[in-house]
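Quick look at protein-v4.txt (compact mmCIF, N, CA, C and O atoms):
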# COMPACT_ATOMS: atom_id res chain seq x y z
N MET A 1047 109.53 115.58 144.15
CA MET A 1047 109.53 116.47 143.01
C MET A 1047 108.99 115.73 141.78
O MET A 1047 108.25 116.31 141.01
N ASN A 1048 109.37 114.47 141.64
CA ASN A 1048 108.93 113.72 140.46
C ASN A 1048 107.42 113.51 140.44
O ASN A 1048 106.80 113.58 139.38
N LEU A 1049 106.83 113.25 141.61
CA LEU A 1049 105.38 113.07 141.66
C LEU A 1049 104.65 114.36 141.30
O LEU A 1049 103.64 114.34 140.60
N ALA A 1050 105.16 115.48 141.78
CA ALA A 1050 104.55 116.77 141.44
C ALA A 1050 104.70 117.05 139.96
O ALA A 1050 103.75 117.51 139.30
N LEU A 1051 105.87 116.79 139.40
CA LEU A 1051 106.10 117.00 137.98
C LEU A 1051 105.15 116.15 137.15
O LEU A 1051 104.54 116.63 136.19
N GLU A 1052 104.99 114.90 137.53
CA GLU A 1052 104.07 114.00 136.83
C GLU A 1052 102.63 114.54 136.88
O GLU A 1052 101.93 114.57 135.88
N HIS A 1053 102.22 114.98 138.06
CA HIS A 1053 100.86 115.48 138.25
C HIS A 1053 100.62 116.75 137.42
O HIS A 1053 99.64 116.83 136.67
N TYR A 1054 101.50 117.72 137.57
CA TYR A 1054 101.27 119.01 136.91
C TYR A 1054 101.52 118.98 135.41
O TYR A 1054 100.96 119.80 134.68
N SER A 1055 102.32 118.04 134.94
CA SER A 1055 102.54 117.91 133.49
C SER A 1055 101.26 117.53 132.76
O SER A 1055 101.10 117.84 131.58
N LYS A 1056 100.35 116.89 133.46
CA LYS A 1056 99.06 116.54 132.87
C LYS A 1056 98.14 117.75 132.76
O LYS A 1056 97.17 117.74 132.01
N LEU A 1057 98.45 118.81 133.54
CA LEU A 1057 97.57 119.99 133.59
C LEU A 1057 98.07 121.15 132.74
O LEU A 1057 97.29 122.02 132.36
N GLY A 1058 99.38 121.19 132.48
CA GLY A 1058 99.91 122.31 131.72
C GLY A 1058 101.41 122.22 131.55
O GLY A 1058 102.05 121.22 131.89
N LYS A 1059 101.99 123.31 131.04
CA LYS A 1059 103.44 123.39 130.82
C LYS A 1059 104.12 123.64 132.16
O LYS A 1059 103.74 124.54 132.91
N VAL A 1060 105.19 122.86 132.45
CA VAL A 1060 105.89 122.94 133.73
C VAL A 1060 107.33 123.40 133.51
O VAL A 1060 108.03 122.89 132.65
N ILE A 1061 107.75 124.38 134.32
CA ILE A 1061 109.14 124.85 134.30
C ILE A 1061 109.71 124.66 135.70
O ILE A 1061 109.12 125.11 136.69
N ASP A 1062 110.87 124.01 135.80
CA ASP A 1062 111.53 123.79 137.09
C ASP A 1062 112.26 125.07 137.49
O ASP A 1062 113.17 125.52 136.79
N THR A 1063 111.88 125.66 138.60
CA THR A 1063 112.49 126.89 139.10
C THR A 1063 113.15 126.67 140.46
O THR A 1063 113.49 127.63 141.15
N SER A 1064 113.33 125.42 140.85
CA SER A 1064 113.78 125.08 142.21
C SER A 1064 115.18 125.58 142.52
O SER A 1064 115.50 125.81 143.69
N ARG A 1065 116.00 125.78 141.54
CA ARG A 1065 117.38 126.21 141.81
C ARG A 1065 117.52 127.70 142.09
O ARG A 1065 118.50 128.13 142.66
N ASN A 1066 116.51 128.50 141.66
CA ASN A 1066 116.70 129.95 141.78
C ASN A 1066 115.48 130.70 142.30
O ASN A 1066 115.46 131.92 142.24
N SER A 1067 114.48 129.99 142.81
CA SER A 1067 113.28 130.65 143.33
C SER A 1067 112.86 130.02 144.65
O SER A 1067 113.32 128.94 145.00
N SER A 1068 111.96 130.67 145.34
CA SER A 1068 111.46 130.12 146.60
C SER A 1068 110.32 129.13 146.36
O SER A 1068 109.68 128.68 147.30
N TYR A 1069 110.07 128.78 145.11
CA TYR A 1069 109.07 127.77 144.75
C TYR A 1069 109.73 126.85 143.74
O TYR A 1069 110.74 127.18 143.11
N ASP A 1070 109.18 125.65 143.57
CA ASP A 1070 109.84 124.62 142.79
C ASP A 1070 109.48 124.60 141.31
O ASP A 1070 110.32 124.29 140.48
N TYR A 1071 108.22 124.89 141.00
CA TYR A 1071 107.77 124.85 139.61
C TYR A 1071 106.88 126.05 139.29
O TYR A 1071 106.18 126.55 140.17
N VAL A 1072 106.93 126.45 138.03
CA VAL A 1072 105.89 127.32 137.48
C VAL A 1072 105.10 126.44 136.53
O VAL A 1072 105.67 125.76 135.67
N VAL A 1073 103.80 126.42 136.72
CA VAL A 1073 102.92 125.61 135.89
C VAL A 1073 101.91 126.54 135.24
O VAL A 1073 101.18 127.26 135.92
N GLU A 1074 101.87 126.53 133.91
CA GLU A 1074 100.89 127.34 133.19
C GLU A 1074 99.66 126.49 132.92
O GLU A 1074 99.73 125.51 132.17
N ILE A 1075 98.56 126.87 133.54
CA ILE A 1075 97.29 126.15 133.39
C ILE A 1075 96.26 127.13 132.86
O ILE A 1075 95.95 128.13 133.51
N ASP A 1076 95.75 126.87 131.68
CA ASP A 1076 94.75 127.73 131.05
C ASP A 1076 95.19 129.20 131.03
O ASP A 1076 94.41 130.11 131.33
N GLY A 1077 96.47 129.42 130.71
CA GLY A 1077 96.99 130.78 130.59
C GLY A 1077 97.34 131.45 131.90
O GLY A 1077 97.75 132.60 131.91
N VAL A 1078 97.21 130.74 133.01
CA VAL A 1078 97.52 131.30 134.34
C VAL A 1078 98.77 130.61 134.87
O VAL A 1078 98.85 129.38 134.89
N ALA A 1079 99.75 131.40 135.32
CA ALA A 1079 100.98 130.86 135.88
C ALA A 1079 100.80 130.60 137.37
O ALA A 1079 100.53 131.51 138.14
N TRP A 1080 100.95 129.34 137.76
CA TRP A 1080 100.87 128.93 139.16
C TRP A 1080 102.28 128.65 139.65
O TRP A 1080 103.08 128.02 138.95
N HIS A 1081 102.60 129.10 140.86
CA HIS A 1081 103.87 128.79 141.50
C HIS A 1081 103.64 127.66 142.48
O HIS A 1081 102.80 127.77 143.38
N VAL A 1082 104.36 126.56 142.29
CA VAL A 1082 104.13 125.34 143.07
C VAL A 1082 105.33 125.06 143.97
O VAL A 1082 106.47 124.98 143.48
N GLU A 1083 105.07 124.89 145.24
CA GLU A 1083 106.08 124.47 146.21
C GLU A 1083 105.83 123.01 146.52
O GLU A 1083 104.70 122.60 146.77
N VAL A 1084 106.89 122.19 146.49
CA VAL A 1084 106.78 120.76 146.74
C VAL A 1084 107.45 120.44 148.08
O VAL A 1084 108.58 120.87 148.33
N LYS A 1085 106.76 119.71 148.92
CA LYS A 1085 107.29 119.28 150.22
C LYS A 1085 107.06 117.79 150.37
O LYS A 1085 106.05 117.25 149.92
N GLY A 1086 107.99 117.12 151.02
CA GLY A 1086 107.87 115.70 151.27
C GLY A 1086 108.24 115.36 152.70
O GLY A 1086 109.02 116.06 153.34
N THR A 1087 107.65 114.27 153.20
CA THR A 1087 107.92 113.82 154.56
C THR A 1087 107.83 112.29 154.61
O THR A 1087 107.09 111.69 153.83
N GLN A 1088 108.57 111.72 155.53
CA GLN A 1088 108.50 110.27 155.72
C GLN A 1088 107.28 109.88 156.55
O GLN A 1088 106.89 108.73 156.57
N ASN A 1089 106.68 110.84 157.21
CA ASN A 1089 105.53 110.59 158.08
C ASN A 1089 104.24 111.02 157.39
O ASN A 1089 104.22 111.40 156.23
N GLU A 1090 103.17 110.98 158.17
CA GLU A 1090 101.91 111.55 157.70
C GLU A 1090 102.10 113.07 157.60
O GLU A 1090 102.71 113.67 158.49
N PRO A 1091 101.59 113.69 156.56
CA PRO A 1091 101.80 115.14 156.40
C PRO A 1091 100.83 115.97 157.24
O PRO A 1091 100.00 116.71 156.72
N ASN A 1092 100.93 115.85 158.56
CA ASN A 1092 100.05 116.60 159.46
C ASN A 1092 100.45 118.06 159.59
O ASN A 1092 99.60 118.91 159.83
N ALA A 1093 101.75 118.33 159.51
CA ALA A 1093 102.25 119.70 159.60
C ALA A 1093 103.44 119.82 158.66
O ALA A 1093 104.29 118.94 158.60
N ILE A 1094 103.48 120.90 157.91
CA ILE A 1094 104.54 121.13 156.93
C ILE A 1094 105.26 122.42 157.28
O ILE A 1094 104.62 123.45 157.50
N LEU A 1095 106.58 122.35 157.34
CA LEU A 1095 107.38 123.54 157.62
C LEU A 1095 107.66 124.30 156.32
O LEU A 1095 108.07 123.70 155.33
N LEU A 1096 107.43 125.60 156.36
CA LEU A 1096 107.72 126.47 155.23
C LEU A 1096 108.76 127.50 155.65
O LEU A 1096 108.77 127.93 156.81
N THR A 1097 109.60 127.91 154.71
CA THR A 1097 110.58 128.94 155.02
C THR A 1097 109.88 130.30 155.03
O THR A 1097 108.80 130.47 154.44
N PRO A 1098 110.49 131.30 155.67
CA PRO A 1098 109.91 132.65 155.62
C PRO A 1098 109.72 133.16 154.19
O PRO A 1098 108.71 133.81 153.89
N ASN A 1099 110.66 132.85 153.29
CA ASN A 1099 110.51 133.28 151.89
C ASN A 1099 109.32 132.62 151.22
O ASN A 1099 108.62 133.25 150.42
N GLU A 1100 109.07 131.35 151.52
CA GLU A 1100 107.93 130.65 150.94
C GLU A 1100 106.62 131.26 151.41
O GLU A 1100 105.68 131.45 150.63
N VAL A 1101 106.55 131.58 152.69
CA VAL A 1101 105.34 132.19 153.24
C VAL A 1101 105.13 133.58 152.65
O VAL A 1101 104.03 133.93 152.23
N GLN A 1102 106.18 134.37 152.59
CA GLN A 1102 106.06 135.72 152.03
C GLN A 1102 105.61 135.67 150.59
O GLN A 1102 104.72 136.42 150.18
N HIS A 1103 106.19 134.77 149.82
CA HIS A 1103 105.81 134.64 148.42
C HIS A 1103 104.33 134.27 148.28
O HIS A 1103 103.62 134.81 147.43
N ALA A 1104 103.86 133.36 149.14
CA ALA A 1104 102.45 132.95 149.08
C ALA A 1104 101.51 134.11 149.40
O ALA A 1104 100.40 134.16 148.87
N HIS A 1105 101.95 135.04 150.23
CA HIS A 1105 101.13 136.21 150.54
C HIS A 1105 101.12 137.21 149.39
O HIS A 1105 100.14 137.93 149.20
N GLU A 1106 102.21 137.25 148.63
CA GLU A 1106 102.35 138.27 147.59
C GLU A 1106 101.87 137.81 146.21
O GLU A 1106 101.45 138.64 145.40
N TYR A 1107 101.96 136.54 145.91
CA TYR A 1107 101.60 136.04 144.57
C TYR A 1107 100.23 135.39 144.64
O TYR A 1107 99.97 134.58 145.54
N PRO A 1108 99.33 135.70 143.71
CA PRO A 1108 97.94 135.25 143.84
C PRO A 1108 97.69 133.76 143.56
O PRO A 1108 96.71 133.21 144.03
N ASN A 1109 98.56 133.12 142.80
CA ASN A 1109 98.31 131.73 142.38
C ASN A 1109 99.45 130.83 142.86
O ASN A 1109 100.42 130.59 142.15
N VAL A 1110 99.28 130.32 144.08
CA VAL A 1110 100.30 129.48 144.69
C VAL A 1110 99.67 128.16 145.10
O VAL A 1110 98.55 128.12 145.60
N ALA A 1111 100.41 127.07 144.86
CA ALA A 1111 99.94 125.74 145.26
C ALA A 1111 101.03 125.05 146.08
O ALA A 1111 102.22 125.24 145.83
N LEU A 1112 100.61 124.26 147.05
CA LEU A 1112 101.51 123.46 147.86
C LEU A 1112 101.22 121.99 147.56
O LEU A 1112 100.10 121.52 147.77
N PHE A 1113 102.22 121.27 147.05
CA PHE A 1113 102.08 119.86 146.72
C PHE A 1113 102.83 119.08 147.80
O PHE A 1113 104.05 119.19 147.93
N VAL A 1114 102.11 118.28 148.57
CA VAL A 1114 102.70 117.58 149.71
C VAL A 1114 102.64 116.07 149.47
O VAL A 1114 101.60 115.53 149.11
N VAL A 1115 103.78 115.42 149.69
CA VAL A 1115 103.88 113.97 149.56
C VAL A 1115 104.25 113.41 150.92
O VAL A 1115 105.27 113.80 151.51
N GLY A 1116 103.45 112.51 151.44
CA GLY A 1116 103.70 111.89 152.73
C GLY A 1116 104.08 110.43 152.59
O GLY A 1116 103.95 109.84 151.52
N ARG A 1117 104.55 109.86 153.67
CA ARG A 1117 104.92 108.44 153.76
C ARG A 1117 105.96 108.03 152.71
O ARG A 1117 105.84 106.99 152.07
N ILE A 1118 106.99 108.85 152.55
CA ILE A 1118 108.09 108.53 151.65
C ILE A 1118 109.07 107.63 152.40
O ILE A 1118 109.41 107.88 153.54
N ARG A 1119 109.50 106.57 151.74
CA ARG A 1119 110.51 105.68 152.33
C ARG A 1119 111.87 106.03 151.73
O ARG A 1119 112.01 106.15 150.52
N VAL A 1120 112.87 106.17 152.59
CA VAL A 1120 114.25 106.44 152.16
C VAL A 1120 115.04 105.15 152.36
O VAL A 1120 115.06 104.59 153.46
N ILE A 1121 115.70 104.70 151.30
CA ILE A 1121 116.41 103.43 151.31
C ILE A 1121 117.85 103.67 150.90
O ILE A 1121 118.12 104.35 149.90
N LYS A 1122 118.77 103.10 151.66
CA LYS A 1122 120.20 103.18 151.30
C LYS A 1122 120.51 102.01 150.37
O LYS A 1122 120.30 100.84 150.72
N SER A 1123 121.04 102.33 149.20
CA SER A 1123 121.33 101.29 148.21
C SER A 1123 122.66 100.61 148.53
O SER A 1123 123.41 101.04 149.41
N ASP A 1124 122.98 99.56 147.80
CA ASP A 1124 124.23 98.85 147.98
C ASP A 1124 125.46 99.72 147.70
O ASP A 1124 126.53 99.47 148.22
N THR A 1125 125.27 100.75 146.87
CA THR A 1125 126.38 101.65 146.52
C THR A 1125 126.54 102.77 147.54
O THR A 1125 127.45 103.58 147.43
N GLY A 1126 125.66 102.83 148.53
CA GLY A 1126 125.74 103.88 149.54
C GLY A 1126 124.90 105.10 149.24
O GLY A 1126 124.81 106.01 150.04
N ASP A 1127 124.30 105.13 148.05
CA ASP A 1127 123.41 106.23 147.69
C ASP A 1127 122.05 106.02 148.35
O ASP A 1127 121.70 104.91 148.75
N TYR A 1128 121.29 107.09 148.43
CA TYR A 1128 119.95 107.01 148.99
C TYR A 1128 118.92 107.14 147.89
O TYR A 1128 119.07 107.95 146.97
N GLU A 1129 117.90 106.32 147.97
CA GLU A 1129 116.80 106.35 147.02
C GLU A 1129 115.50 106.50 147.80
O GLU A 1129 115.44 106.17 148.99
N THR A 1130 114.49 107.00 147.13
CA THR A 1130 113.18 107.12 147.78
C THR A 1130 112.16 106.31 147.01
O THR A 1130 112.30 106.07 145.81
N GLU A 1131 111.14 105.89 147.74
CA GLU A 1131 110.02 105.19 147.10
C GLU A 1131 108.77 105.45 147.92
O GLU A 1131 108.83 105.88 149.08
N GLY A 1132 107.65 105.17 147.31
CA GLY A 1132 106.38 105.37 148.00
C GLY A 1132 105.92 106.81 147.90
O GLY A 1132 106.31 107.56 147.04
N GLY A 1133 105.10 107.17 148.84
CA GLY A 1133 104.57 108.52 148.87
C GLY A 1133 103.16 108.57 148.36
O GLY A 1133 102.67 107.70 147.71

Before anything else, please render the file you have as structure tokens.
Amino acid sequence: MNLALEHYSKLGKVIDTSRNSSYDYVVEIDGVAWHVEVKGTQNEPNAILLTPNEVQHAHEYPNVALFVVGRIRVIKSDTGDYETEGG
């Protein structure tokens, strides 16, 4: 999510909608609202799974983007929390 936020913040105004929508961000670029779905994987991003709601939304809304991050490393910290790096 952070990599997508960093990328799209350079292009326009970003609103996080991940808690209440089937997409993660709304990004306004040149007056056009884009709905962005963010996906990540620890492997090469050869195939990405989408939910039925994500697919339906992509069919219904004209400006949809999929931001994919591959080769993410998940590391367990000394405190037992998980952190990610790479991508």

I'd like the neighbourhood of region 1103-1116 of chain A as a list in words, where a residue qualifies if any of its atoms comes within 5 Å (using only N, CA, C and O atoms), though same-chain residues fewer than 3 positions away should be ignored.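 What passes the distance filter is Ala1079, Trp1080, His1081, Val1082, Glu1083, Val1084, Lys1085, Gly1086, Thr1087, Asn1089, Pro1091, Pro1098, Asn1099, Glu1100 and Gly1133 of chain A.
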
Do you have the CA of Leu1095 (chain A)-atom O of Glu1129 (chain A) distance handy?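 Straight-line distance from CA of Leu1095 (chain A) to atom O of Glu1129 (chain A) works out to 21.0 Å.
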
Between atom O of Lys1056 (chain A) and atom N of Ile1075 (chain A), measure the distance and give it in Å to one decimal.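 Pair atom O of Lys1056 (chain A) / atom N of Ile1075 (chain A) returns 9.4 Å.
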
Quick one, how far is atom N of Ile1061 (chain A) from atom N of Val1073 (chain A)?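 Atom-to-atom, atom N of Ile1061 (chain A) to atom N of Val1073 (chain A), that is 5.1 Å.
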
Would you return as a VMD selection string the members of region 1068-1133 of chain A that DSSP assigns to strand (DSSP E) on this structure's backbone? chain A and resid 1071 to 1075 1078 to 1086 1110 to 1115 1118 to 1122 1128 to 1132

Put those residues in a file: N, CA, C and O atoms, as a short mmCIF file (atom, residue, chain, number, x, y, z; two decimals), in the frame of the given file.
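Output below, filename result.cif:
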data_model
loop_
_atom_site.label_atom_id
_atom_site.label_comp_id
_atom_site.auth_asym_id
_atom_site.auth_seq_id
_atom_site.Cartn_x
_atom_site.Cartn_y
_atom_site.Cartn_z
N TYR A 1071 108.22 124.89 141.00
CA TYR A 1071 107.77 124.85 139.61
C TYR A 1071 106.88 126.05 139.29
O TYR A 1071 106.18 126.55 140.17
N VAL A 1072 106.93 126.45 138.03
CA VAL A 1072 105.89 127.32 137.48
C VAL A 1072 105.10 126.44 136.53
O VAL A 1072 105.67 125.76 135.67
N VAL A 1073 103.80 126.42 136.72
CA VAL A 1073 102.92 125.61 135.89
C VAL A 1073 101.91 126.54 135.24
O VAL A 1073 101.18 127.26 135.92
N GLU A 1074 101.87 126.53 133.91
CA GLU A 1074 100.89 127.34 133.19
C GLU A 1074 99.66 126.49 132.92
O GLU A 1074 99.73 125.51 132.17
N ILE A 1075 98.56 126.87 133.54
CA ILE A 1075 97.29 126.15 133.39
C ILE A 1075 96.26 127.13 132.86
O ILE A 1075 95.95 128.13 133.51
N VAL A 1078 97.21 130.74 133.01
CA VAL A 1078 97.52 131.30 134.34
C VAL A 1078 98.77 130.61 134.87
O VAL A 1078 98.85 129.38 134.89
N ALA A 1079 99.75 131.40 135.32
CA ALA A 1079 100.98 130.86 135.88
C ALA A 1079 100.80 130.60 137.37
O ALA A 1079 100.53 131.51 138.14
N TRP A 1080 100.95 129.34 137.76
CA TRP A 1080 100.87 128.93 139.16
C TRP A 1080 102.28 128.65 139.65
O TRP A 1080 103.08 128.02 138.95
N HIS A 1081 102.60 129.10 140.86
CA HIS A 1081 103.87 128.79 141.50
C HIS A 1081 103.64 127.66 142.48
O HIS A 1081 102.80 127.77 143.38
N VAL A 1082 104.36 126.56 142.29
CA VAL A 1082 104.13 125.34 143.07
C VAL A 1082 105.33 125.06 143.97
O VAL A 1082 106.47 124.98 143.48
N GLU A 1083 105.07 124.89 145.24
CA GLU A 1083 106.08 124.47 146.21
C GLU A 1083 105.83 123.01 146.52
O GLU A 1083 104.70 122.60 146.77
N VAL A 1084 106.89 122.19 146.49
CA VAL A 1084 106.78 120.76 146.74
C VAL A 1084 107.45 120.44 148.08
O VAL A 1084 108.58 120.87 148.33
N LYS A 1085 106.76 119.71 148.92
CA LYS A 1085 107.29 119.28 150.22
C LYS A 1085 107.06 117.79 150.37
O LYS A 1085 106.05 117.25 149.92
N GLY A 1086 107.99 117.12 151.02
CA GLY A 1086 107.87 115.70 151.27
C GLY A 1086 108.24 115.36 152.70
O GLY A 1086 109.02 116.06 153.34
N VAL A 1110 99.28 130.32 144.08
CA VAL A 1110 100.30 129.48 144.69
C VAL A 1110 99.67 128.16 145.10
O VAL A 1110 98.55 128.12 145.60
N ALA A 1111 100.41 127.07 144.86
CA ALA A 1111 99.94 125.74 145.26
C ALA A 1111 101.03 125.05 146.08
O ALA A 1111 102.22 125.24 145.83
N LEU A 1112 100.61 124.26 147.05
CA LEU A 1112 101.51 123.46 147.86
C LEU A 1112 101.22 121.99 147.56
O LEU A 1112 100.10 121.52 147.77
N PHE A 1113 102.22 121.27 147.05
CA PHE A 1113 102.08 119.86 146.72
C PHE A 1113 102.83 119.08 147.80
O PHE A 1113 104.05 119.19 147.93
N VAL A 1114 102.11 118.28 148.57
CA VAL A 1114 102.70 117.58 149.71
C VAL A 1114 102.64 116.07 149.47
O VAL A 1114 101.60 115.53 149.11
N VAL A 1115 103.78 115.42 149.69
CA VAL A 1115 103.88 113.97 149.56
C VAL A 1115 104.25 113.41 150.92
O VAL A 1115 105.27 113.80 151.51
N ILE A 1118 106.99 108.85 152.55
CA ILE A 1118 108.09 108.53 151.65
C ILE A 1118 109.07 107.63 152.40
O ILE A 1118 109.41 107.88 153.54
N ARG A 1119 109.50 106.57 151.74
CA ARG A 1119 110.51 105.68 152.33
C ARG A 1119 111.87 106.03 151.73
O ARG A 1119 112.01 106.15 150.52
N VAL A 1120 112.87 106.17 152.59
CA VAL A 1120 114.25 106.44 152.16
C VAL A 1120 115.04 105.15 152.36
O VAL A 1120 115.06 104.59 153.46
N ILE A 1121 115.70 104.70 151.30
CA ILE A 1121 116.41 103.43 151.31
C ILE A 1121 117.85 103.67 150.90
O ILE A 1121 118.12 104.35 149.90
N LYS A 1122 118.77 103.10 151.66
CA LYS A 1122 120.20 103.18 151.30
C LYS A 1122 120.51 102.01 150.37
O LYS A 1122 120.30 100.84 150.72
N TYR A 1128 121.29 107.09 148.43
CA TYR A 1128 119.95 107.01 148.99
C TYR A 1128 118.92 107.14 147.89
O TYR A 1128 119.07 107.95 146.97
N GLU A 1129 117.90 106.32 147.97
CA GLU A 1129 116.80 106.35 147.02
C GLU A 1129 115.50 106.50 147.80
O GLU A 1129 115.44 106.17 148.99
N THR A 1130 114.49 107.00 147.13
CA THR A 1130 113.18 107.12 147.78
C THR A 1130 112.16 106.31 147.01
O THR A 1130 112.30 106.07 145.81
N GLU A 1131 111.14 105.89 147.74
CA GLU A 1131 110.02 105.19 147.10
C GLU A 1131 108.77 105.45 147.92
O GLU A 1131 108.83 105.88 149.08
N GLY A 1132 107.65 105.17 147.31
CA GLY A 1132 106.38 105.37 148.00
C GLY A 1132 105.92 106.81 147.90
O GLY A 1132 106.31 107.56 147.04
#

Once you add 5 Å to each side, what are the centre and edge lengths of the axis-aligned box holding all listed atoms of region 1052-1056 of chain A? One decimal in Å, as lines of an AutoDock Vina configuration file, if you can.
center_x = 101.1
center_y = 116.9
center_z = 134.9
size_x = 17.8
size_y = 15.8
size_z = 16.7

From A:Val1120, A:Glu1131, A:Thr1097, A:Asn1092, residue lying nearest Ser1068 (chain A) [all atoms listed in the file]: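 That would be A:Thr1097, the residue with the smallest distance to Ser1068 (chain A).
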
Shortest interatomic distance to Val1072 (chain A) - which of A:Val1060, A:Met1047, A:Ile1094, A:Val1101, counting all atoms listed in the file: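 Between A:Val1060, A:Met1047, A:Ile1094, A:Val1101, the residue approaching Val1072 (chain A) most closely is A:Val1060.
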